[in-house]
There are 2 protein chains.
Amino acid sequence: MKVGTIQLAYAGELEAMRRQCVSKITEAKARGAELIILQELHESHYFCQNENVENFDLAGDFEEKISFWSSVAKEYGVVLVTSLFEKRTAGLYHNSAVVFEKDGSVAGKYRKMHIPDDPGFYEKFYFTPGDLGFEPIATSVGKLGVLVCWDQWYPEAARLMALKGAQILIYPTAIGWFDADTEDEKQRQLDAWISVQRGHAVANTLPVVAVNRVGFEKDDSHVMDGIRFWGHSFIVGTQGEFLYQADTESTVAVTEIDMLQCEQNRRIWPFFRDRRVDAYHDISNIFID
Amino acid sequence: MKVGTIQLAYAGELEAMRRQCVSKITEAKARGAELIILQELHESHYFCQNENVENFDLAGDFEEKISFWSSVAKEYGVVLVTSLFEKRTAGLYHNSAVVFEKDGSVAGKYRKMHIPDDPGFYEKFYFTPGDLGFEPIATSVGKLGVLVCWDQWYPEAARLMALKGAQILIYPTAIGWFDADTEDEKQRQLDAWISVQRGHAVANTLPVVAVNRVGFEKDDSHVMDGIRFWGHSFIVGTQGEFLYQADTESTVAVTEIDMLQCEQNRRIWPFFRDRRVDAYHDISNIFID
């Protein structure tokens, strides 16, 4: 399967971002992509850098968003993974990934389950944690285990998708550096982010695709300088081996993923066979004192 | 904390292996190690390469083993992680890690929970899966999350140890290559093994220590050629960064681990805060059809 990944820098609000995305989708499609994945919140800047009620306007009309991206998926005949700011009702918003089928129909939706909140990433102000659980989305190119950003640090999320039959794990993401950190610390953070996701690939014998944004975005509130989104979108195979790795530039890539590798590797290392489901119940605790 | 890791090649049965281990413990202690970790089944060759009832003799007398390693821990005044073939009663054996305190007392025991079985690694023939669960072992150098080999592929095991307060994850291991595999496949397998464990470090914000055996061991049954244990014992910090990495030689290392890094990194990336314990119950299923 040919997977298109689109790593972009901020280029202005809604219209500009949509124009940029569609231009890159055109390119990915021309290069044979059947599945195209956009980065987290690709219709705007990363507005969670501060808590500002006016930013709720960015959610706009969810039905209009669905309609727009549906028409894009249909026009290009691709399975499309989008990441949208969903307004469900007044005062209730989600960070949602919507997957469109090649004919423009909605294949499924995932609402980000794990919501971060740390300086520069005030997502708990904006997003209610998802209420759809961890359910793979069935499409014509396979069952997609779509998760979003902060989810990537949680082995439970990846495992649940795998146990429910996901054939690939997909993470639209917005993560970056603060310039004030040392180069060593920046490298450790980037490596940690890659490591934990390669770990999900290996533990679940699934390919993993992470699509991150890139470029510097200023903090409008001037409390902090801003975030330098670190790009480095990547794809690994079922043994965690790199199939693709971006750098810190805007870029569109089309990568071939062997969807039969899972079957082969799960025969060699049959981790699922030996799980101790009799002894995992404490995972449903916050902590065991 | 200074951690000693001892990666050894097979050097003959019980007496020879014990002599070799103690010689390396002497060296690690002289270099300041307070916690010393031995590889999986360090009293013998890796006998699980084939199914042979005579190999049950290798379990010997478990009380004698306890007594021997207790005296070593006491003599050197170190916390010692051993990996022993435990005979519990006739026809009931475990692959057990026993941890000794500096005064020679038994700090705790872990019985390998996940038991592999694939060509060359016929552990299901020898070992009953552990019945002690995933419980960290309290010692004078901290709470040790001791797991064994095949456990390393299971995020659930690492997570449960972390949720129960483990301050470090420790994996005595015996894993290697088959010479018939291509160099590319060997590299992928080694990288997968490292990746999944670095993932546990990152996801749980804990240092991880893996101590593997090394060297070629022939398959006595002549069905297969044998296993080339790949060494590469390693230690990573709480962001998955390498603190130590061995190659494919017998070696003893003493590595300083900053046990305060966990506190610092869990403040920056507080993954435990946001776990969706309301949505993890399906992890206790074998699969969800």
# chains A, B, ... in the order shown; residues from 1 in each chain; ligands from 1
>>> residues_around(residues="Ala11 (chain B)", least_positions_apart="3", cutoff="8 Å", atoms="only C-alpha atoms", output="list of chain:residue names")
B:Ala16, B:Met17, B:Gln20
>>> residues_around(residues="Gly4 (chain A)", least_positions_apart="4", cutoff="8 Å", atoms="only C-alpha atoms", output="PyMOL selection string")
chain A and resi 25+28-29+33-37+252-255
>>> residues_around(residues="Val99 (chain B)", least_positions_apart="4", cutoff="7 Å", atoms="only C-alpha atoms", output="ChimeraX atom specification")
/B:80-82,106-109
>>> closest_residue(among="B:His222, B:Arg266, B:Lys164, B:Lys186", to="chain A", atoms="only C-alpha atoms")
B:Lys164
>>> residues_around(residues="region 168-170 of chain B", least_positions_apart="3", cutoff="8 Å", atoms="only C-alpha atoms", output="VMD selection string")
chain B and resid 142 to 148 158 161 201 206 to 210
>>> write_last_selection(atoms="N, CA, C and O atoms", output="PDB file, in the first residue's frame")
ATOM      1  N   GLY B 142      16.091   0.633  45.901  1.00  0.00           N
ATOM      2  CA  GLY B 142      14.874   1.051  45.213  1.00  0.00           C
ATOM      3  C   GLY B 142      13.971  -0.121  44.883  1.00  0.00           C
ATOM      4  O   GLY B 142      14.310  -1.281  45.149  1.00  0.00           O
ATOM      5  N   LYS B 143      12.805   0.203  44.343  1.00  0.00           N
ATOM      6  CA  LYS B 143      11.845  -0.849  43.960  1.00  0.00           C
ATOM      7  C   LYS B 143      12.168  -1.322  42.541  1.00  0.00           C
ATOM      8  O   LYS B 143      12.071  -0.553  41.581  1.00  0.00           O
ATOM      9  N   LEU B 144      12.509  -2.579  42.436  1.00  0.00           N
ATOM     10  CA  LEU B 144      12.984  -3.117  41.157  1.00  0.00           C
ATOM     11  C   LEU B 144      11.850  -3.828  40.410  1.00  0.00           C
ATOM     12  O   LEU B 144      11.242  -4.767  40.932  1.00  0.00           O
ATOM     13  N   GLY B 145      11.600  -3.391  39.205  1.00  0.00           N
ATOM     14  CA  GLY B 145      10.618  -4.058  38.352  1.00  0.00           C
ATOM     15  C   GLY B 145      11.332  -5.128  37.546  1.00  0.00           C
ATOM     16  O   GLY B 145      11.729  -4.900  36.405  1.00  0.00           O
ATOM     17  N   VAL B 146      11.500  -6.300  38.156  1.00  0.00           N
ATOM     18  CA  VAL B 146      12.261  -7.372  37.504  1.00  0.00           C
ATOM     19  C   VAL B 146      11.326  -8.207  36.635  1.00  0.00           C
ATOM     20  O   VAL B 146      10.325  -8.758  37.113  1.00  0.00           O
ATOM     21  N   LEU B 147      11.650  -8.295  35.371  1.00  0.00           N
ATOM     22  CA  LEU B 147      10.924  -9.113  34.388  1.00  0.00           C
ATOM     23  C   LEU B 147      11.972  -9.960  33.679  1.00  0.00           C
ATOM     24  O   LEU B 147      13.170  -9.760  33.880  1.00  0.00           O
ATOM     25  N   VAL B 148      11.537 -10.903  32.875  1.00  0.00           N
ATOM     26  CA  VAL B 148      12.512 -11.802  32.244  1.00  0.00           C
ATOM     27  C   VAL B 148      12.233 -11.969  30.745  1.00  0.00           C
ATOM     28  O   VAL B 148      11.109 -12.316  30.350  1.00  0.00           O
ATOM     29  N   ALA B 158       5.559  -4.066  31.639  1.00  0.00           N
ATOM     30  CA  ALA B 158       6.297  -2.861  32.061  1.00  0.00           C
ATOM     31  C   ALA B 158       5.362  -1.874  32.749  1.00  0.00           C
ATOM     32  O   ALA B 158       5.684  -1.300  33.792  1.00  0.00           O
ATOM     33  N   MET B 161       4.346  -2.947  36.301  1.00  0.00           N
ATOM     34  CA  MET B 161       5.434  -2.699  37.250  1.00  0.00           C
ATOM     35  C   MET B 161       5.496  -1.203  37.601  1.00  0.00           C
ATOM     36  O   MET B 161       5.649  -0.834  38.772  1.00  0.00           O
ATOM     37  N   ALA B 201      10.766   2.335  28.523  1.00  0.00           N
ATOM     38  CA  ALA B 201      11.414   3.393  29.313  1.00  0.00           C
ATOM     39  C   ALA B 201      10.650   4.698  29.137  1.00  0.00           C
ATOM     40  O   ALA B 201      10.275   5.356  30.109  1.00  0.00           O
ATOM     41  N   LEU B 206      10.888   5.443  33.095  1.00  0.00           N
ATOM     42  CA  LEU B 206      11.741   4.649  33.985  1.00  0.00           C
ATOM     43  C   LEU B 206      13.015   4.233  33.246  1.00  0.00           C
ATOM     44  O   LEU B 206      12.970   3.967  32.042  1.00  0.00           O
ATOM     45  N   PRO B 207      14.141   4.148  33.958  1.00  0.00           N
ATOM     46  CA  PRO B 207      15.304   3.539  33.324  1.00  0.00           C
ATOM     47  C   PRO B 207      15.055   2.053  33.074  1.00  0.00           C
ATOM     48  O   PRO B 207      14.294   1.415  33.820  1.00  0.00           O
ATOM     49  N   VAL B 208      15.653   1.539  32.027  1.00  0.00           N
ATOM     50  CA  VAL B 208      15.511   0.122  31.671  1.00  0.00           C
ATOM     51  C   VAL B 208      16.909  -0.496  31.529  1.00  0.00           C
ATOM     52  O   VAL B 208      17.776   0.080  30.873  1.00  0.00           O
ATOM     53  N   VAL B 209      17.075  -1.654  32.149  1.00  0.00           N
ATOM     54  CA  VAL B 209      18.336  -2.399  32.045  1.00  0.00           C
ATOM     55  C   VAL B 209      18.041  -3.764  31.436  1.00  0.00           C
ATOM     56  O   VAL B 209      17.200  -4.510  31.959  1.00  0.00           O
ATOM     57  N   ALA B 210      18.695  -4.095  30.341  1.00  0.00           N
ATOM     58  CA  ALA B 210      18.563  -5.422  29.728  1.00  0.00           C
ATOM     59  C   ALA B 210      19.926  -6.085  29.731  1.00  0.00           C
ATOM     60  O   ALA B 210      20.915  -5.494  29.278  1.00  0.00           O
TER      61      ALA B 210
END
>>> closest_atom_pairs(of="chain A", to="chain B", cutoff="7 Å", atoms="only C-alpha atoms", output="Markdown table")
| residue | atom | partner | partner_atom | distance |
| --- | --- | --- | --- | --- |
| A:His114 | CA | B:Asp274 | CA | 6.0 |
| A:Ile115 | CA | B:Asp274 | CA | 6.8 |
| A:Gly133 | CA | B:Ala279 | CA | 6.3 |
| A:Trp153 | CA | B:Ala203 | CA | 5.6 |
| A:Tyr154 | CA | B:Ala203 | CA | 6.4 |
| A:Pro155 | CA | B:Pro155 | CA | 6.3 |
| A:Glu156 | CA | B:Tyr280 | CA | 6.8 |
| A:Leu160 | CA | B:Ile283 | CA | 6.3 |
| A:Leu163 | CA | B:Phe287 | CA | 5.0 |
| A:Lys164 | CA | B:Ile288 | CA | 5.1 |
| A:Arg188 | CA | B:Glu241 | CA | 6.4 |
| A:Ala192 | CA | B:Gln239 | CA | 5.3 |
| A:Ser195 | CA | B:Gly199 | CA | 5.3 |
| A:Val196 | CA | B:Gly199 | CA | 4.0 |
| A:Arg198 | CA | B:Ser195 | CA | 6.1 |
| A:Gly199 | CA | B:Val196 | CA | 4.0 |
| A:Val202 | CA | B:Val196 | CA | 6.0 |
| A:Ala203 | CA | B:Trp153 | CA | 5.6 |
| A:Gln239 | CA | B:Ala192 | CA | 5.4 |
| A:Gly240 | CA | B:Ala192 | CA | 5.8 |
| A:Glu241 | CA | B:Arg188 | CA | 6.4 |
| A:Asp274 | CA | B:His114 | CA | 6.0 |
| A:Arg275 | CA | B:His114 | CA | 6.7 |
| A:Arg276 | CA | B:His114 | CA | 6.8 |
| A:Val277 | CA | B:Ser284 | CA | 4.6 |
| A:Asp278 | CA | B:Ser284 | CA | 7.0 |
| A:Ala279 | CA | B:Gly133 | CA | 6.3 |
| A:Tyr280 | CA | B:Ser284 | CA | 5.8 |
| A:His281 | CA | B:Ser284 | CA | 6.2 |
| A:Asp282 | CA | B:Leu160 | CA | 6.9 |
| A:Ile283 | CA | B:Leu160 | CA | 6.3 |
| A:Ser284 | CA | B:Val277 | CA | 4.6 |
| A:Asn285 | CA | B:Val277 | CA | 6.0 |
| A:Ile286 | CA | B:Val277 | CA | 6.5 |
| A:Phe287 | CA | B:Leu163 | CA | 5.0 |
| A:Ile288 | CA | B:Lys164 | CA | 5.1 |
| A:Asp289 | CA | B:Lys164 | CA | 6.6 |
>>> write_last_selection(atoms="N, CA and C atoms", output="short mmCIF file (atom, residue, chain, number, x, y, z; two decimals), in the first residue's frame")
data_model
loop_
_atom_site.label_atom_id
_atom_site.label_comp_id
_atom_site.auth_asym_id
_atom_site.auth_seq_id
_atom_site.Cartn_x
_atom_site.Cartn_y
_atom_site.Cartn_z
N HIS A 114 -6.58 10.81 24.93
CA HIS A 114 -5.65 11.36 25.93
C HIS A 114 -5.37 12.82 25.58
N ILE A 115 -5.70 13.70 26.49
CA ILE A 115 -5.56 15.14 26.23
C ILE A 115 -4.42 15.70 27.09
N GLY A 133 -13.85 5.76 22.48
CA GLY A 133 -12.94 4.64 22.75
C GLY A 133 -11.89 4.49 21.67
N TRP A 153 1.99 8.37 23.42
CA TRP A 153 2.79 7.99 24.59
C TRP A 153 2.16 6.86 25.39
N TYR A 154 0.99 6.39 24.96
CA TYR A 154 0.23 5.41 25.74
C TYR A 154 0.19 4.05 25.05
N PRO A 155 0.94 3.08 25.58
CA PRO A 155 0.93 1.73 24.98
C PRO A 155 -0.47 1.13 24.98
N GLU A 156 -1.30 1.52 25.94
CA GLU A 156 -2.66 0.97 26.00
C GLU A 156 -3.45 1.30 24.73
N LEU A 160 -4.88 -1.57 22.31
CA LEU A 160 -6.32 -1.75 22.11
C LEU A 160 -6.68 -1.71 20.64
N LEU A 163 -5.61 -5.05 19.28
CA LEU A 163 -6.49 -6.14 19.72
C LEU A 163 -7.84 -6.10 19.02
N LYS A 164 -8.19 -4.93 18.50
CA LYS A 164 -9.45 -4.81 17.77
C LYS A 164 -9.25 -4.92 16.27
N ARG A 188 16.99 14.34 22.98
CA ARG A 188 16.37 13.30 23.81
C ARG A 188 14.86 13.28 23.62
N ALA A 192 12.87 10.23 22.14
CA ALA A 192 11.85 9.59 22.99
C ALA A 192 10.55 9.43 22.21
N SER A 195 11.09 6.70 19.73
CA SER A 195 11.27 5.40 20.41
C SER A 195 9.95 4.81 20.86
N VAL A 196 9.12 5.62 21.49
CA VAL A 196 7.89 5.06 22.06
C VAL A 196 6.98 4.55 20.95
N ARG A 198 8.05 3.54 17.85
CA ARG A 198 8.67 2.31 17.31
C ARG A 198 8.32 1.14 18.23
N GLY A 199 8.29 1.41 19.51
CA GLY A 199 7.92 0.38 20.47
C GLY A 199 6.53 -0.15 20.21
N VAL A 202 6.65 -2.56 17.24
CA VAL A 202 7.22 -3.85 17.58
C VAL A 202 6.27 -4.67 18.45
N ALA A 203 5.77 -4.04 19.51
CA ALA A 203 4.93 -4.78 20.47
C ALA A 203 3.66 -5.31 19.82
N GLN A 239 8.62 -4.43 12.44
CA GLN A 239 9.73 -4.68 13.37
C GLN A 239 10.32 -3.36 13.86
N GLY A 240 9.61 -2.27 13.57
CA GLY A 240 10.09 -0.96 13.99
C GLY A 240 11.14 -0.38 13.06
N GLU A 241 11.37 -1.02 11.92
CA GLU A 241 12.42 -0.54 11.00
C GLU A 241 11.90 0.66 10.20
N ASP A 274 0.78 -15.24 23.75
CA ASP A 274 1.21 -15.48 25.13
C ASP A 274 0.83 -14.40 26.13
N ARG A 275 -0.07 -13.51 25.75
CA ARG A 275 -0.47 -12.45 26.69
C ARG A 275 -1.12 -13.05 27.93
N ARG A 276 -0.82 -12.47 29.09
CA ARG A 276 -1.35 -12.97 30.35
C ARG A 276 -2.58 -12.17 30.75
N VAL A 277 -3.66 -12.40 30.00
CA VAL A 277 -4.87 -11.60 30.22
C VAL A 277 -5.47 -11.84 31.60
N ASP A 278 -5.04 -12.93 32.25
CA ASP A 278 -5.49 -13.19 33.62
C ASP A 278 -4.83 -12.24 34.62
N ALA A 279 -3.81 -11.52 34.17
CA ALA A 279 -3.00 -10.75 35.13
C ALA A 279 -2.84 -9.28 34.75
N TYR A 280 -3.71 -8.80 33.86
CA TYR A 280 -3.57 -7.42 33.38
C TYR A 280 -4.62 -6.46 33.97
N HIS A 281 -5.52 -6.97 34.80
CA HIS A 281 -6.65 -6.13 35.19
C HIS A 281 -6.24 -4.85 35.91
N ASP A 282 -5.08 -4.85 36.59
CA ASP A 282 -4.66 -3.64 37.32
C ASP A 282 -4.31 -2.47 36.40
N ILE A 283 -4.21 -2.74 35.09
CA ILE A 283 -3.96 -1.65 34.15
C ILE A 283 -5.10 -0.63 34.18
N SER A 284 -6.26 -1.06 34.60
CA SER A 284 -7.40 -0.14 34.69
C SER A 284 -7.39 0.69 35.98
N ASN A 285 -6.28 0.71 36.68
CA ASN A 285 -6.12 1.60 37.84
C ASN A 285 -5.23 2.78 37.49
N ILE A 286 -5.51 3.92 38.12
CA ILE A 286 -4.64 5.09 37.96
C ILE A 286 -3.26 4.79 38.51
N PHE A 287 -3.21 4.17 39.67
CA PHE A 287 -1.95 3.80 40.31
C PHE A 287 -2.31 2.77 41.37
N ILE A 288 -1.35 1.94 41.75
CA ILE A 288 -1.62 0.95 42.80
C ILE A 288 -0.69 1.28 43.97
N ASP A 289 -1.26 1.87 45.00
CA ASP A 289 -0.46 2.33 46.14
C ASP A 289 -0.10 1.19 47.08
#
>>> residues_around(residues="region 226-231 of chain B", least_positions_apart="2", cutoff="6 Å", atoms="only C-alpha atoms", output="PDB file with all heavy atoms, in the first residue's frame")
ATOM      1  N   ILE B 175      18.624 -13.962  24.248  1.00  0.00           N
ATOM      2  CA  ILE B 175      18.073 -13.838  22.893  1.00  0.00           C
ATOM      3  C   ILE B 175      19.220 -13.740  21.906  1.00  0.00           C
ATOM      4  O   ILE B 175      20.263 -13.167  22.209  1.00  0.00           O
ATOM      5  CB  ILE B 175      17.106 -12.631  22.770  1.00  0.00           C
ATOM      6  CG1 ILE B 175      16.378 -12.656  21.422  1.00  0.00           C
ATOM      7  CG2 ILE B 175      17.827 -11.311  23.005  1.00  0.00           C
ATOM      8  CD1 ILE B 175      15.210 -11.679  21.336  1.00  0.00           C
ATOM      9  N   GLY B 176      18.991 -14.343  20.737  1.00  0.00           N
ATOM     10  CA  GLY B 176      20.080 -14.332  19.772  1.00  0.00           C
ATOM     11  C   GLY B 176      19.610 -14.566  18.354  1.00  0.00           C
ATOM     12  O   GLY B 176      18.412 -14.640  18.078  1.00  0.00           O
ATOM     13  N   TRP B 177      20.604 -14.655  17.488  1.00  0.00           N
ATOM     14  CA  TRP B 177      20.339 -14.834  16.065  1.00  0.00           C
ATOM     15  C   TRP B 177      20.509 -16.293  15.646  1.00  0.00           C
ATOM     16  O   TRP B 177      21.272 -17.050  16.253  1.00  0.00           O
ATOM     17  CB  TRP B 177      21.370 -14.036  15.251  1.00  0.00           C
ATOM     18  CG  TRP B 177      21.303 -12.558  15.367  1.00  0.00           C
ATOM     19  CD1 TRP B 177      20.254 -11.765  15.039  1.00  0.00           C
ATOM     20  CD2 TRP B 177      22.352 -11.679  15.795  1.00  0.00           C
ATOM     21  NE1 TRP B 177      20.587 -10.437  15.235  1.00  0.00           N
ATOM     22  CE2 TRP B 177      21.868 -10.353  15.702  1.00  0.00           C
ATOM     23  CE3 TRP B 177      23.662 -11.864  16.247  1.00  0.00           C
ATOM     24  CZ2 TRP B 177      22.629  -9.240  16.034  1.00  0.00           C
ATOM     25  CZ3 TRP B 177      24.422 -10.760  16.582  1.00  0.00           C
ATOM     26  CH2 TRP B 177      23.912  -9.462  16.482  1.00  0.00           C
ATOM     27  N   PHE B 178      19.846 -16.637  14.567  1.00  0.00           N
ATOM     28  CA  PHE B 178      20.181 -17.853  13.832  1.00  0.00           C
ATOM     29  C   PHE B 178      21.084 -17.443  12.667  1.00  0.00           C
ATOM     30  O   PHE B 178      20.752 -16.503  11.933  1.00  0.00           O
ATOM     31  CB  PHE B 178      18.920 -18.540  13.312  1.00  0.00           C
ATOM     32  CG  PHE B 178      18.033 -19.062  14.416  1.00  0.00           C
ATOM     33  CD1 PHE B 178      16.719 -18.637  14.541  1.00  0.00           C
ATOM     34  CD2 PHE B 178      18.525 -19.973  15.347  1.00  0.00           C
ATOM     35  CE1 PHE B 178      15.910 -19.106  15.566  1.00  0.00           C
ATOM     36  CE2 PHE B 178      17.719 -20.451  16.370  1.00  0.00           C
ATOM     37  CZ  PHE B 178      16.413 -20.018  16.487  1.00  0.00           C
ATOM     38  N   ASN B 212      21.772  -9.433  28.489  1.00  0.00           N
ATOM     39  CA  ASN B 212      21.637 -10.588  27.600  1.00  0.00           C
ATOM     40  C   ASN B 212      22.874 -11.482  27.682  1.00  0.00           C
ATOM     41  O   ASN B 212      23.951 -11.038  28.054  1.00  0.00           O
ATOM     42  CB  ASN B 212      21.459 -10.093  26.160  1.00  0.00           C
ATOM     43  CG  ASN B 212      21.029 -11.182  25.194  1.00  0.00           C
ATOM     44  OD1 ASN B 212      20.514 -12.219  25.605  1.00  0.00           O
ATOM     45  ND2 ASN B 212      21.234 -10.950  23.911  1.00  0.00           N
ATOM     46  N   ARG B 213      22.697 -12.736  27.299  1.00  0.00           N
ATOM     47  CA  ARG B 213      23.882 -13.586  27.174  1.00  0.00           C
ATOM     48  C   ARG B 213      24.502 -13.382  25.806  1.00  0.00           C
ATOM     49  O   ARG B 213      23.955 -12.708  24.932  1.00  0.00           O
ATOM     50  CB  ARG B 213      23.603 -15.045  27.484  1.00  0.00           C
ATOM     51  CG  ARG B 213      22.627 -15.769  26.616  1.00  0.00           C
ATOM     52  CD  ARG B 213      22.644 -17.291  26.908  1.00  0.00           C
ATOM     53  NE  ARG B 213      22.210 -17.646  28.243  1.00  0.00           N
ATOM     54  CZ  ARG B 213      22.625 -18.735  28.916  1.00  0.00           C
ATOM     55  NH1 ARG B 213      23.472 -19.584  28.353  1.00  0.00           N
ATOM     56  NH2 ARG B 213      22.174 -19.013  30.116  1.00  0.00           N
ATOM     57  N   VAL B 214      25.650 -13.967  25.594  1.00  0.00           N
ATOM     58  CA  VAL B 214      26.405 -13.723  24.374  1.00  0.00           C
ATOM     59  C   VAL B 214      27.099 -15.026  23.957  1.00  0.00           C
ATOM     60  O   VAL B 214      27.225 -15.957  24.763  1.00  0.00           O
ATOM     61  CB  VAL B 214      27.417 -12.571  24.617  1.00  0.00           C
ATOM     62  CG1 VAL B 214      28.580 -13.037  25.475  1.00  0.00           C
ATOM     63  CG2 VAL B 214      27.872 -11.948  23.331  1.00  0.00           C
ATOM     64  N   GLY B 215      27.493 -15.093  22.714  1.00  0.00           N
ATOM     65  CA  GLY B 215      28.248 -16.261  22.239  1.00  0.00           C
ATOM     66  C   GLY B 215      27.357 -17.312  21.609  1.00  0.00           C
ATOM     67  O   GLY B 215      26.138 -17.314  21.787  1.00  0.00           O
ATOM     68  N   PHE B 216      27.987 -18.217  20.884  1.00  0.00           N
ATOM     69  CA  PHE B 216      27.259 -19.266  20.173  1.00  0.00           C
ATOM     70  C   PHE B 216      27.068 -20.481  21.062  1.00  0.00           C
ATOM     71  O   PHE B 216      28.006 -20.933  21.715  1.00  0.00           O
ATOM     72  CB  PHE B 216      28.030 -19.660  18.905  1.00  0.00           C
ATOM     73  CG  PHE B 216      27.308 -20.670  18.063  1.00  0.00           C
ATOM     74  CD1 PHE B 216      26.236 -20.285  17.275  1.00  0.00           C
ATOM     75  CD2 PHE B 216      27.704 -21.999  18.058  1.00  0.00           C
ATOM     76  CE1 PHE B 216      25.555 -21.217  16.493  1.00  0.00           C
ATOM     77  CE2 PHE B 216      27.029 -22.938  17.280  1.00  0.00           C
ATOM     78  CZ  PHE B 216      25.954 -22.545  16.504  1.00  0.00           C
ATOM     79  N   GLU B 217      25.839 -21.009  21.084  1.00  0.00           N
ATOM     80  CA  GLU B 217      25.573 -22.266  21.794  1.00  0.00           C
ATOM     81  C   GLU B 217      24.925 -23.239  20.819  1.00  0.00           C
ATOM     82  O   GLU B 217      23.881 -22.946  20.246  1.00  0.00           O
ATOM     83  CB  GLU B 217      24.673 -22.018  23.028  1.00  0.00           C
ATOM     84  CG  GLU B 217      25.354 -21.140  24.064  1.00  0.00           C
ATOM     85  CD  GLU B 217      24.569 -20.980  25.360  1.00  0.00           C
ATOM     86  OE1 GLU B 217      23.736 -21.864  25.680  1.00  0.00           O
ATOM     87  OE2 GLU B 217      24.790 -19.972  26.047  1.00  0.00           O
ATOM     88  N   LYS B 218      25.550 -24.361  20.665  1.00  0.00           N
ATOM     89  CA  LYS B 218      25.124 -25.386  19.727  1.00  0.00           C
ATOM     90  C   LYS B 218      23.808 -26.026  20.186  1.00  0.00           C
ATOM     91  O   LYS B 218      23.549 -26.140  21.384  1.00  0.00           O
ATOM     92  CB  LYS B 218      26.216 -26.472  19.668  1.00  0.00           C
ATOM     93  CG  LYS B 218      26.221 -27.338  18.459  1.00  0.00           C
ATOM     94  CD  LYS B 218      27.598 -28.017  18.282  1.00  0.00           C
ATOM     95  CE  LYS B 218      28.121 -28.729  19.515  1.00  0.00           C
ATOM     96  NZ  LYS B 218      27.485 -30.041  19.788  1.00  0.00           N
ATOM     97  N   ASP B 219      22.985 -26.437  19.233  1.00  0.00           N
ATOM     98  CA  ASP B 219      21.784 -27.205  19.554  1.00  0.00           C
ATOM     99  C   ASP B 219      22.187 -28.671  19.719  1.00  0.00           C
ATOM    100  O   ASP B 219      22.535 -29.332  18.740  1.00  0.00           O
ATOM    101  CB  ASP B 219      20.756 -27.044  18.424  1.00  0.00           C
ATOM    102  CG  ASP B 219      19.525 -27.919  18.641  1.00  0.00           C
ATOM    103  OD1 ASP B 219      19.388 -28.518  19.736  1.00  0.00           O
ATOM    104  OD2 ASP B 219      18.700 -28.008  17.712  1.00  0.00           O
ATOM    105  N   MET B 224      18.628 -28.019  14.868  1.00  0.00           N
ATOM    106  CA  MET B 224      19.044 -26.727  14.327  1.00  0.00           C
ATOM    107  C   MET B 224      20.539 -26.585  14.616  1.00  0.00           C
ATOM    108  O   MET B 224      21.127 -27.384  15.343  1.00  0.00           O
ATOM    109  CB  MET B 224      18.241 -25.602  14.977  1.00  0.00           C
ATOM    110  CG  MET B 224      16.737 -25.761  14.674  1.00  0.00           C
ATOM    111  SD  MET B 224      15.687 -24.496  15.408  1.00  0.00           S
ATOM    112  CE  MET B 224      16.057 -23.106  14.344  1.00  0.00           C
ATOM    113  N   SER B 233      23.664  -6.040  25.599  1.00  0.00           N
ATOM    114  CA  SER B 233      23.053  -5.584  26.847  1.00  0.00           C
ATOM    115  C   SER B 233      23.085  -4.058  26.856  1.00  0.00           C
ATOM    116  O   SER B 233      24.009  -3.449  26.311  1.00  0.00           O
ATOM    117  CB  SER B 233      23.859  -6.105  28.046  1.00  0.00           C
ATOM    118  OG  SER B 233      23.861  -7.518  28.043  1.00  0.00           O
ATOM    119  N   THR B 248      29.110  -7.572  21.209  1.00  0.00           N
ATOM    120  CA  THR B 248      28.876  -9.013  21.224  1.00  0.00           C
ATOM    121  C   THR B 248      29.995  -9.785  21.942  1.00  0.00           C
ATOM    122  O   THR B 248      30.249 -10.948  21.641  1.00  0.00           O
ATOM    123  CB  THR B 248      28.702  -9.544  19.782  1.00  0.00           C
ATOM    124  OG1 THR B 248      29.838  -9.137  19.022  1.00  0.00           O
ATOM    125  CG2 THR B 248      27.446  -8.994  19.133  1.00  0.00           C
TER     126      THR B 248
END
>>> atom_distance(atom1="CA of Lys2 (chain B)", atom2="CA of Asp258 (chain B)")
8.9 Å
>>> residues_around(residues="region 57-61 of chain A", least_positions_apart="3", cutoff="7 Å", atoms="only C-alpha atoms", output="JSON, numbers by chain")
{"A": [54, 64, 65, 85, 86, 87]}
